Every structure is written in C-alpha cells, then in structure tokens.
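Student: If it helps, the file is called input_20.cif and holds mmCIF, C-alpha atoms:
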data_input
loop_
_atom_site.label_atom_id
_atom_site.label_comp_id
_atom_site.auth_asym_id
_atom_site.auth_seq_id
_atom_site.Cartn_x
_atom_site.Cartn_y
_atom_site.Cartn_z
CA PRO M 1 35.02 16.42 14.16
CA ALA M 2 35.98 15.73 10.55
CA LEU M 3 36.19 19.46 9.82
CA TRP M 4 38.83 19.92 12.57
CA VAL M 5 40.85 17.02 11.21
CA ALA M 6 40.65 18.33 7.62
CA CYS M 7 41.75 21.83 8.68
CA ALA M 8 44.52 20.38 10.83
CA GLU M 9 45.72 18.20 7.96
CA ARG M 10 45.95 21.17 5.59
CA ASP M 11 47.67 23.41 8.13
CA LEU M 12 50.14 20.73 9.23
CA ARG M 13 51.03 20.00 5.61
CA ARG M 14 51.48 23.72 4.88
CA ALA M 15 53.68 24.05 7.98
CA ALA M 16 55.69 20.93 6.97
CA LEU M 17 54.83 19.25 10.28
CA GLU M 18 52.75 16.36 8.90
CA MET M 19 55.61 13.92 9.53
CA LEU M 20 55.84 14.88 13.21
CA ILE M 21 52.20 14.60 14.17
CA SER M 22 49.08 13.35 12.43
CA PRO M 23 46.02 15.59 12.11
CA SER M 24 43.94 13.35 14.37
CA GLU M 25 46.70 13.39 17.01
CA TRP M 26 46.86 17.19 16.76
CA CYS M 27 43.12 17.40 17.40
CA LEU M 28 43.17 14.76 20.14
CA LEU M 29 45.97 16.50 22.04
CA ARG M 30 43.67 19.44 22.59
CA VAL M 31 41.02 17.41 24.45
CA PRO M 32 43.04 16.56 27.60
CA VAL M 33 44.48 20.07 27.70
CA ILE M 34 40.97 21.55 27.54
CA VAL M 35 39.73 19.17 30.25
CA LEU M 36 42.70 19.90 32.54
CA THR M 37 42.34 23.64 32.01
CA LEU M 38 38.60 23.52 32.68
CA GLY M 39 39.15 21.42 35.80
CA SER M 40 41.85 23.69 37.18
CA LEU M 41 39.83 26.83 36.43
CA LEU M 42 36.79 25.34 38.17
CA VAL M 43 38.88 24.28 41.19
CA PHE M 44 40.34 27.77 41.56
CA ASP M 45 36.84 29.25 41.11
CA VAL M 46 37.74 32.01 38.69
CA GLY M 47 34.15 32.43 37.58
CA THR M 48 32.46 32.07 34.24
CA PRO M 49 34.44 34.81 32.43
CA GLY M 50 37.70 33.24 33.59
CA VAL M 51 36.64 29.77 32.46
CA LEU M 52 35.55 31.09 29.06
CA ALA M 53 38.79 33.04 28.66
CA GLY M 54 40.87 30.00 29.66
CA VAL M 55 39.06 27.66 27.27
CA THR M 56 39.30 30.20 24.45
CA LEU M 57 43.03 30.55 25.06
CA VAL M 58 43.61 26.80 25.22
CA VAL M 59 41.53 26.12 22.11
CA GLY M 60 42.79 29.10 20.13
CA PHE M 61 46.48 29.21 21.00
CA PRO M 62 47.54 26.05 19.11
CA SER M 63 45.68 27.25 16.02
CA LEU M 64 47.29 30.68 16.26
CA TRP M 65 50.73 29.12 16.69
CA LEU M 66 50.25 26.80 13.72
CA GLY M 67 48.95 29.72 11.64
CA SER M 68 52.05 31.76 12.46
CA VAL M 69 54.31 28.84 11.46
CA VAL M 70 52.44 28.56 8.14
CA GLN M 71 52.71 32.31 7.57
CA ARG M 72 56.47 32.38 8.28
CA ARG M 73 56.99 29.42 5.95
CA GLU M 74 54.96 31.09 3.20
CA LEU M 75 57.02 34.28 3.46
CA ALA M 76 60.24 32.26 3.30
CA VAL M 77 58.97 30.44 0.19
CA LEU M 78 58.05 33.76 -1.44
CA ARG M 79 61.53 35.10 -0.70
CA GLU M 80 63.24 32.09 -2.28
CA LEU M 81 60.89 31.66 -5.25
CA PRO M 82 62.38 34.17 -7.76
CA PHE M 83 65.89 32.74 -7.34
CA HIS M 84 64.77 29.15 -7.91
CA LEU M 85 62.58 30.09 -10.86
CA ASP M 86 65.46 31.97 -12.49
CA MET M 87 67.92 29.14 -11.91
CA ILE M 88 65.57 26.44 -13.20
CA ALA M 89 64.63 28.54 -16.24
CA LEU M 90 68.31 29.17 -16.95
CA GLY M 91 69.05 25.45 -16.75
CA LEU M 92 66.18 24.61 -19.11
CA GLU M 93 67.15 27.35 -21.56
CA ALA M 94 70.70 25.96 -21.60
CA GLY M 95 69.27 22.67 -22.87
CA GLY M 96 69.17 20.70 -19.64
CA THR M 97 66.37 18.51 -18.38
CA LEU M 98 64.00 19.61 -15.64
CA ASN M 99 65.65 17.26 -13.17
CA ALA M 100 69.13 18.62 -13.96
CA ALA M 101 67.91 22.22 -13.76
CA VAL M 102 66.28 21.62 -10.36
CA ARG M 103 69.43 19.92 -9.05
CA ALA M 104 71.57 22.84 -10.26
CA SER M 105 69.23 25.26 -8.52
CA LEU M 106 69.41 23.22 -5.31
CA GLN M 107 73.20 23.21 -5.33
CA ARG M 108 73.37 27.00 -5.37
CA ALA M 109 70.43 27.81 -3.11
CA PRO M 110 70.56 28.56 0.60
CA THR M 111 68.60 26.33 2.94
CA GLY M 112 64.92 27.07 3.30
CA PRO M 113 61.45 25.59 2.95
CA LEU M 114 61.30 25.93 -0.84
CA ARG M 115 64.65 24.21 -1.19
CA GLU M 116 63.40 21.31 0.95
CA ALA M 117 60.23 20.99 -1.15
CA LEU M 118 62.26 21.08 -4.36
CA GLN M 119 64.61 18.43 -2.98
CA GLN M 120 61.61 16.14 -2.50
CA PHE M 121 60.46 17.03 -6.02
CA ALA M 122 63.89 16.18 -7.46
CA ALA M 123 64.00 12.93 -5.50
CA GLU M 124 60.61 11.94 -6.91
CA LEU M 125 61.78 12.69 -10.45
CA GLN M 126 64.99 10.76 -9.82
CA ALA M 127 62.97 7.78 -8.56
CA GLY M 128 61.04 7.67 -11.83
CA ARG M 129 57.80 9.37 -10.87
CA GLY M 130 56.20 11.33 -13.70
CA ARG M 131 56.67 15.07 -13.99
CA ILE M 132 52.97 15.84 -13.65
CA ASP M 133 52.56 13.60 -10.60
CA SER M 134 55.66 15.15 -9.01
CA LEU M 135 54.40 18.67 -9.74
CA GLU M 136 51.02 17.84 -8.22
CA ALA M 137 52.75 16.50 -5.10
CA LEU M 138 54.83 19.71 -4.97
CA GLN M 139 51.62 21.71 -5.25
CA ARG M 140 50.14 19.84 -2.27
CA ARG M 141 53.30 20.46 -0.22
CA LEU M 142 53.36 24.16 -1.10
CA ASP M 143 49.66 24.87 -0.74
CA PHE M 144 50.03 28.67 -0.65
CA GLU M 145 47.94 31.18 -2.57
CA SER M 146 50.93 32.61 -4.41
CA VAL M 147 52.55 29.28 -5.34
CA VAL M 148 49.55 27.16 -6.38
CA PRO M 149 48.83 29.17 -9.59
CA LEU M 150 52.49 28.94 -10.58
CA ILE M 151 52.61 25.17 -10.22
CA SER M 152 49.21 24.86 -11.95
CA THR M 153 50.66 26.80 -14.88
CA LEU M 154 53.64 24.44 -15.00
CA ILE M 155 51.32 21.41 -14.94
CA GLN M 156 49.25 22.86 -17.81
CA ALA M 157 52.39 23.62 -19.81
CA GLU M 158 53.66 20.08 -19.23
CA ARG M 159 50.33 18.55 -20.29
CA ALA M 160 50.15 20.74 -23.39
CA GLY M 161 53.77 20.02 -24.28
CA GLY M 162 54.75 23.68 -24.06
CA SER M 163 58.13 25.10 -23.16
CA LEU M 164 58.66 25.06 -19.41
CA ALA M 165 61.61 27.43 -19.78
CA SER M 166 59.51 30.28 -21.19
CA VAL M 167 56.77 29.74 -18.60
CA LEU M 168 59.35 29.77 -15.80
CA ARG M 169 61.06 32.88 -17.16
CA ILE M 170 57.75 34.79 -17.28
CA GLN M 171 56.79 33.56 -13.81
CA ALA M 172 60.23 34.51 -12.42
CA GLU M 173 59.87 38.06 -13.72
CA GLN M 174 56.35 38.30 -12.35
CA ARG M 175 57.42 37.01 -8.90
CA ALA M 176 60.34 39.45 -8.80
CA HIS M 177 57.96 42.34 -9.56
CA GLU M 178 55.54 41.11 -6.88
CA ARG M 179 58.39 40.90 -4.37
CA PHE M 180 59.49 44.43 -5.23
CA HIS M 181 55.95 45.79 -4.87
CA ARG M 182 55.50 43.98 -1.54
CA ALA M 183 58.76 45.51 -0.25
CA GLU M 184 57.70 48.92 -1.55
CA LYS M 185 54.35 48.63 0.22
CA LEU M 186 56.01 47.64 3.49
CA ALA M 187 58.43 50.55 3.17
CA MET M 188 55.53 52.97 2.70
CA GLN M 189 53.77 51.56 5.78
CA ALA M 190 56.85 51.81 8.00
CA PRO M 191 56.55 55.55 8.82
CA VAL M 192 52.89 55.12 9.73
CA LYS M 193 53.66 52.28 12.12
#
Translate the structure described by the file into structure tokens.

Tutor:
Amino acid sequence: PALWVACAERDLRRAALEMLISPSEWCLLRVPVIVLTLGSLLVFDVGTPGVLAGVTLVVGFPSLWLGSVVQRRELAVLRELPFHLDMIALGLEAGGTLNAAVRASLQRAPTGPLREALQQFAAELQAGRGRIDSLEALQRRLDFESVVPLISTLIQAERAGGSLASVLRIQAEQRAHERFHRAEKLAMQAPVK
C-alpha cells in the first residue's frame, strides 16, 4: 500500500539507508518472508495463536529494527549538534562564508551522522546549489523533531537576509542547555532503574 511505502521512505531516509534499498523494495521484501513464515507455521501446525504470533513478529520486527536505527542516529545527531553549531557560528563570526565555516567544522569534527549530512550540504554548496535549496535538502536528510526547527530557522534567516551567525550562536546555546537537561534527567532516572 502507498501508506507503507511513504512510511518506509521516511524511515529509510531518516536512517540514511535510502541508497541501499528503495522503499518499495523494503515493503516487497516483507511479502515473501510473511508467506514463508505462514507456510512453515501451518506445516508445523502450531495453531492459530502461533501463526498470529509468527506473522506479528515477521511484520513487526523489521519496523522495530528500522525504528531503533533511526533512534540511534537521532541521538548521535543530537550529541554532535552543539559542536557543529558552535564551530559554524565561530567561522561566520570571524567573517567567513557559510561554506568555509561548514568545511572548518567538518575538519575538526569526529565521524558521525551529522558530519556526513553536513558533508553532503557542503558538497551541494560547493557545486553551486543555492543555500536555501541546500538547507532544505539537509532538512529532508535530518528529518528529526529536534533538528527540523533549527534548519527552518536558518532557512527563514537566509530568506530574510538576517545574520546566520547570531541565529547559530543562539541555537548552539539552546542545544547545549537541552543536552545538559537531557543528561540531568537521565541521571535522575538512573537510581530508579
């Protein structure tokens, strides 16, 4: 169904797996697995509860796996975000261009999903694509609840002709505070767990 394909497309893009498998292939791979599982469960006569449990597992497991990949990637992006925002803001405040500031940030950053997305962003800028188009493409690649408002703010600042450096500096401080509060919350939950 089109809904499955749309959900698969979004999740594969968020997990950075869209180059490995297309959404329709992801959905189609489930069909033979479901049929084989149903056939084997019927042959071994495990009964209706066993068949339902097997089908639920086969249908649900790939979605759960993909969801965990997306969640791990989102956490990694959130961990890297304050560093990149600070570095890019510093480069812009020093009088550099956005492309130069992003490249400087990439040179000093450890490997991770945000670095890979920013490398694609820098390559698009280097190739001559417009800033707004490149930012929108970055927003599609990093389609996470915590990153989309940030990139939307950058797009609005770019359209309005505002200072990207000040926007980035404010966002960097806000993300650092959010990271601290998230760590504080996890530390408070640790004794309970």

Student: Name the closest residue to M:Val55 among the candidates M:Ala190, M:Ile170, M:Val33, M:Leu12; distances are taken between atoms, counting all atoms listed in the file.

Tutor: M:Val33

Student: Between atom CA of M:Arg159 and atom CA of M:Val102, what is the distance, to one decimal in Å?

Tutor: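 Result for atom CA of M:Arg159 versus atom CA of M:Val102: 19.0 Å, one decimal.
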
Student: Expand the PyMOL selection byres ((chain M and resi 11) around 10) into the explicit residue set it covers here, and present it as a list in words.

Tutor: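 Matching residues under the PyMOL selection byres ((chain M and resi 11) around 10) are Val5, Ala6, Cys7, Ala8, Glu9, Arg10, Leu12, Arg13, Arg14, Ala15, Ala16, Leu17, Glu18, Pro23, Ser63, Leu66, Gly67, Val69, Val70 and Asp143 of chain M.
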
Student: Work out how far apart atom CA of M:Leu81 and atom CA of M:Ala104 are and give it in Å to one decimal.

Tutor: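 Value for the atom CA of M:Leu81-atom CA of M:Ala104 distance: 14.7 Å.
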
Student: For a quick check of your reading of the model, name the residues lying within 7 Å of the coordinate (57.6, 31.2, -14.2), counting only C-alpha atoms, and write them as a PDB file with C-alpha atoms, keeping the file's coordinate frame.

Tutor:
ATOM      1  CA  LEU M  85      62.580  30.090 -10.860  1.00  0.00           C
ATOM      2  CA  LEU M 150      52.490  28.940 -10.580  1.00  0.00           C
ATOM      3  CA  VAL M 167      56.770  29.740 -18.600  1.00  0.00           C
ATOM      4  CA  LEU M 168      59.350  29.770 -15.800  1.00  0.00           C
ATOM      5  CA  ARG M 169      61.060  32.880 -17.160  1.00  0.00           C
ATOM      6  CA  ILE M 170      57.750  34.790 -17.280  1.00  0.00           C
ATOM      7  CA  GLN M 171      56.790  33.560 -13.810  1.00  0.00           C
ATOM      8  CA  ALA M 172      60.230  34.510 -12.420  1.00  0.00           C
TER       9      ALA M 172
END

Student: With all atoms listed in the file as the basis for distance, which of M:Ser163, M:Thr153, M:Ser146, M:Gln139 is at the shortest distance from M:Leu98?

Tutor: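 Smallest separation from M:Leu98 among the options: M:Ser163.
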
Student: Please expand the PyMOL selection byres ((chain M and resi 84) around 9) into the concrete residues it hits in this file, giving the result as a PyMOL selection string.

Tutor: chain M and resi 80-83+85-89+102+105-106+109+114-115+172

Student: What lies within 9 Å of M:Ile132 using all atoms listed in the file, ignoring chain neighbours under 4 positions off, as a JSON list (two decimals) with C-alpha atoms, in the frame of the given file?

Tutor:
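Once everything was written out, this is part.json:
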[["chain", "number", "residue", "atom", "x", "y", "z"],
["M", 136, "GLU", "CA", 51.02, 17.84, -8.22],
["M", 137, "ALA", "CA", 52.75, 16.50, -5.10],
["M", 154, "LEU", "CA", 53.64, 24.44, -15.00],
["M", 155, "ILE", "CA", 51.32, 21.41, -14.94],
["M", 156, "GLN", "CA", 49.25, 22.86, -17.81],
["M", 158, "GLU", "CA", 53.66, 20.08, -19.23],
["M", 159, "ARG", "CA", 50.33, 18.55, -20.29]]

Student: Could you tell me which of M:Leu38, M:Val59, M:Ala122, M:Val77 comes closest to M:Ala100 if we count only C-alpha atoms?

Tutor: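 Distance minimum relative to M:Ala100 lands on M:Ala122.
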
Student: Determine, counting all atoms listed in the file, which protein, DNA and RNA residues have an atom within 12 Å of an atom of M:Val31; residues of the same chain fewer than 4 positions away are not included. Present the result as a tab-separated table (two decimals) with C-alpha atoms, keeping the file's coordinate frame.

Tutor:
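File part-v2.tsv, as written:
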chain	number	residue	atom	x	y	z
M	1	PRO	CA	35.02	16.42	14.16
M	24	SER	CA	43.94	13.35	14.37
M	25	GLU	CA	46.70	13.39	17.01
M	26	TRP	CA	46.86	17.19	16.76
M	27	CYS	CA	43.12	17.40	17.40
M	35	VAL	CA	39.73	19.17	30.25
M	36	LEU	CA	42.70	19.90	32.54
M	37	THR	CA	42.34	23.64	32.01
M	38	LEU	CA	38.60	23.52	32.68
M	55	VAL	CA	39.06	27.66	27.27
M	58	VAL	CA	43.61	26.80	25.22
M	59	VAL	CA	41.53	26.12	22.11

Student: Report, in Å with one decimal, the straight-line distance from atom CA of M:Glu173 to atom CA of M:Gln120.

Tutor: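 Distance reported for this atom pair: 24.7 Å.
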
Student: Looking at M:Ala123, M:Val192, M:Ala165, M:Leu78, which one is nearest to M:Arg103, with distances taken over all atoms listed in the file?

Tutor: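 Among M:Ala123, M:Val192, M:Ala165, M:Leu78, it is M:Ala123 that comes nearest to M:Arg103.
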
Student: Counting all atoms listed in the file, which residue out of M:Ser40, M:Ser166, M:Gln189, M:Gln174 sits closest to M:Glu93?

Tutor: M:Ser166
